[in-house]
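Asks: Structure below; questions to follow.
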Amino acid sequence: MNLYRTHIKKAMDFALALLLIIMLLPLYLLLYVLVRINMGSPVIFTQQRVGKNEKVFGMYKFRSMTNKTDKNGELLPDEQRITTIGKILRKTSLDEIPQFFNILKGDMSFIGPRPLMDYELEYLSDNERKRHTVMPGISGLAQVSGRNMLSNEDKFAKDLEYAEKITFMTDLKIALKTIPSLLFAKNITVINKTHLDLTRTSQDDCDEK
């Protein structure tokens with residue numbers, strides 16, 4: 001295994017995440033206040049995701065929906081709970097920046113396969129599970145290779161391709177393609193092969209409970 005994959009990548013992730021957190025501290029504070037006023041608390045929520053070696057961890061995100069309920073106390077549908085601020089956060093991917101703290105903790109990398117929800121793990125084939133031999137990322141090869149234009153099979157293929165060929169140049173290319181990719185809608189169909197029949201808009205946009 002190459003030195004970049006085993007040592008340099010993690011060190012670079014830590015250093016860059018720490019630098020960005022310090023530089024973006026005013027933005028964190030601004031978003032914290034806006035989310036707290038518009039959507040209440042908790043401002044940052046945690047989703048259970050699958051990390052390297054299939055270790056489940058809590059992935060941080062700024063909330064984008066309220067906790068509004070119907071007369072029976074049940075949460076309203078997502079489209080009725082998402083706020084204008086929430087839509088902006090998702091469209092710009094600013095809801096993802098708390099994941100810089102996941103990188104500091106060693107749960108994630110800047111570049112890698114997007115981490116799946118914990119309940120999706122049981123539906124993966126042995127080959128698909130090889131995506132978990134590497135650290136999950138905030139952005140990945142699948143996200144810059146067509147995003148919502150790719151089938152689930154193609155997304156997994158991209159994840160496996162990345163897992164097998166991690167290099168500095170690959171990460172750099174993905175990083176440079178990530179910014180323009182944010183201009184497109186974030187909605188990505190969840191894994192819905194013959195073994196999973198979910199209808200949420202995206203594995204990254206599930207209920208915030």
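Residues in the structure tokens are named by chain (A, B, ... in the order shown) and by number from 1 within that chain; ligands are numbered from 1 in the order shown.
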Quick check for you: according to DSSP on this backbone, which residues of region 18-112 of chain A are classed as helix (DSSP H, G or I)? Reply as a PDB file with C-alpha atoms, in the first residue's frame.
Replies:
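The new file selection-v8.pdb reads:
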ATOM      1  CA  LEU A  18      -8.154  22.158  11.808  1.00  0.00           C
ATOM      2  CA  LEU A  19      -7.156  25.090   9.599  1.00  0.00           C
ATOM      3  CA  LEU A  20     -10.606  25.359   8.019  1.00  0.00           C
ATOM      4  CA  ILE A  21     -12.387  25.195  11.368  1.00  0.00           C
ATOM      5  CA  ILE A  22     -10.274  28.082  12.644  1.00  0.00           C
ATOM      6  CA  MET A  23     -10.741  30.117   9.455  1.00  0.00           C
ATOM      7  CA  LEU A  25     -15.221  30.046  12.964  1.00  0.00           C
ATOM      8  CA  PRO A  26     -17.231  33.255  12.239  1.00  0.00           C
ATOM      9  CA  LEU A  27     -19.301  31.322   9.691  1.00  0.00           C
ATOM     10  CA  TYR A  28     -19.930  28.518  12.176  1.00  0.00           C
ATOM     11  CA  LEU A  29     -21.132  31.049  14.725  1.00  0.00           C
ATOM     12  CA  LEU A  30     -23.377  32.813  12.188  1.00  0.00           C
ATOM     13  CA  LEU A  31     -24.956  29.571  11.023  1.00  0.00           C
ATOM     14  CA  TYR A  32     -25.386  28.411  14.599  1.00  0.00           C
ATOM     15  CA  VAL A  33     -27.381  31.534  15.423  1.00  0.00           C
ATOM     16  CA  LEU A  34     -29.475  31.387  12.213  1.00  0.00           C
ATOM     17  CA  VAL A  35     -30.335  27.722  12.658  1.00  0.00           C
ATOM     18  CA  ARG A  36     -31.107  28.172  16.372  1.00  0.00           C
ATOM     19  CA  ILE A  37     -33.485  31.066  15.666  1.00  0.00           C
ATOM     20  CA  ASN A  38     -35.207  29.503  12.650  1.00  0.00           C
ATOM     21  CA  MET A  39     -35.318  25.829  13.577  1.00  0.00           C
ATOM     22  CA  LYS A  52     -14.020   2.434   7.787  1.00  0.00           C
ATOM     23  CA  ASN A  53     -14.074  -1.275   8.619  1.00  0.00           C
ATOM     24  CA  GLU A  54     -17.847  -0.903   9.074  1.00  0.00           C
ATOM     25  CA  ASP A  78     -39.906  16.593   5.313  1.00  0.00           C
ATOM     26  CA  GLU A  79     -41.134  19.062   2.677  1.00  0.00           C
ATOM     27  CA  GLN A  80     -43.337  20.757   5.280  1.00  0.00           C
ATOM     28  CA  ARG A  81     -40.564  21.015   7.857  1.00  0.00           C
ATOM     29  CA  THR A  84     -35.783  28.584   3.661  1.00  0.00           C
ATOM     30  CA  ILE A  85     -32.531  28.632   5.618  1.00  0.00           C
ATOM     31  CA  GLY A  86     -32.497  24.845   5.506  1.00  0.00           C
ATOM     32  CA  LYS A  87     -32.867  24.815   1.721  1.00  0.00           C
ATOM     33  CA  ILE A  88     -29.963  27.244   1.388  1.00  0.00           C
ATOM     34  CA  LEU A  89     -27.801  25.134   3.698  1.00  0.00           C
ATOM     35  CA  ARG A  90     -28.466  22.016   1.652  1.00  0.00           C
ATOM     36  CA  LYS A  91     -28.096  23.711  -1.730  1.00  0.00           C
ATOM     37  CA  THR A  92     -24.716  25.173  -0.763  1.00  0.00           C
ATOM     38  CA  LEU A  94     -23.035  24.354   4.271  1.00  0.00           C
ATOM     39  CA  ASP A  95     -24.999  21.837   6.323  1.00  0.00           C
ATOM     40  CA  GLU A  96     -22.013  19.512   5.828  1.00  0.00           C
ATOM     41  CA  GLN A  99     -18.159  17.138   9.372  1.00  0.00           C
ATOM     42  CA  PHE A 100     -14.777  18.871   9.587  1.00  0.00           C
ATOM     43  CA  PHE A 101     -14.993  17.878  13.253  1.00  0.00           C
ATOM     44  CA  ASN A 102     -15.598  14.267  12.178  1.00  0.00           C
ATOM     45  CA  ILE A 103     -12.334  14.517  10.264  1.00  0.00           C
ATOM     46  CA  LEU A 104     -10.517  15.770  13.357  1.00  0.00           C
ATOM     47  CA  LYS A 105     -11.915  12.819  15.295  1.00  0.00           C
TER      48      LYS A 105
END
Asks: Of the residues A:Pro98, A:Pro113, A:Gly137, A:Pro42, which is the one nearest to Lys10 (chain A), using only C-alpha atoms?
Replies: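 The closest residue to Lys10 (chain A) is A:Gly137.
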Asks: Write out as an NGL selection string the residues lying within 12 Å of Thr133 (chain A), counting only C-alpha atoms and excluding same-chain residues fewer than 2 positions away.
Replies: :A and (5-6 or 50-55 or 112-113 or 115 or 126-131 or 135-136 or 159-166)
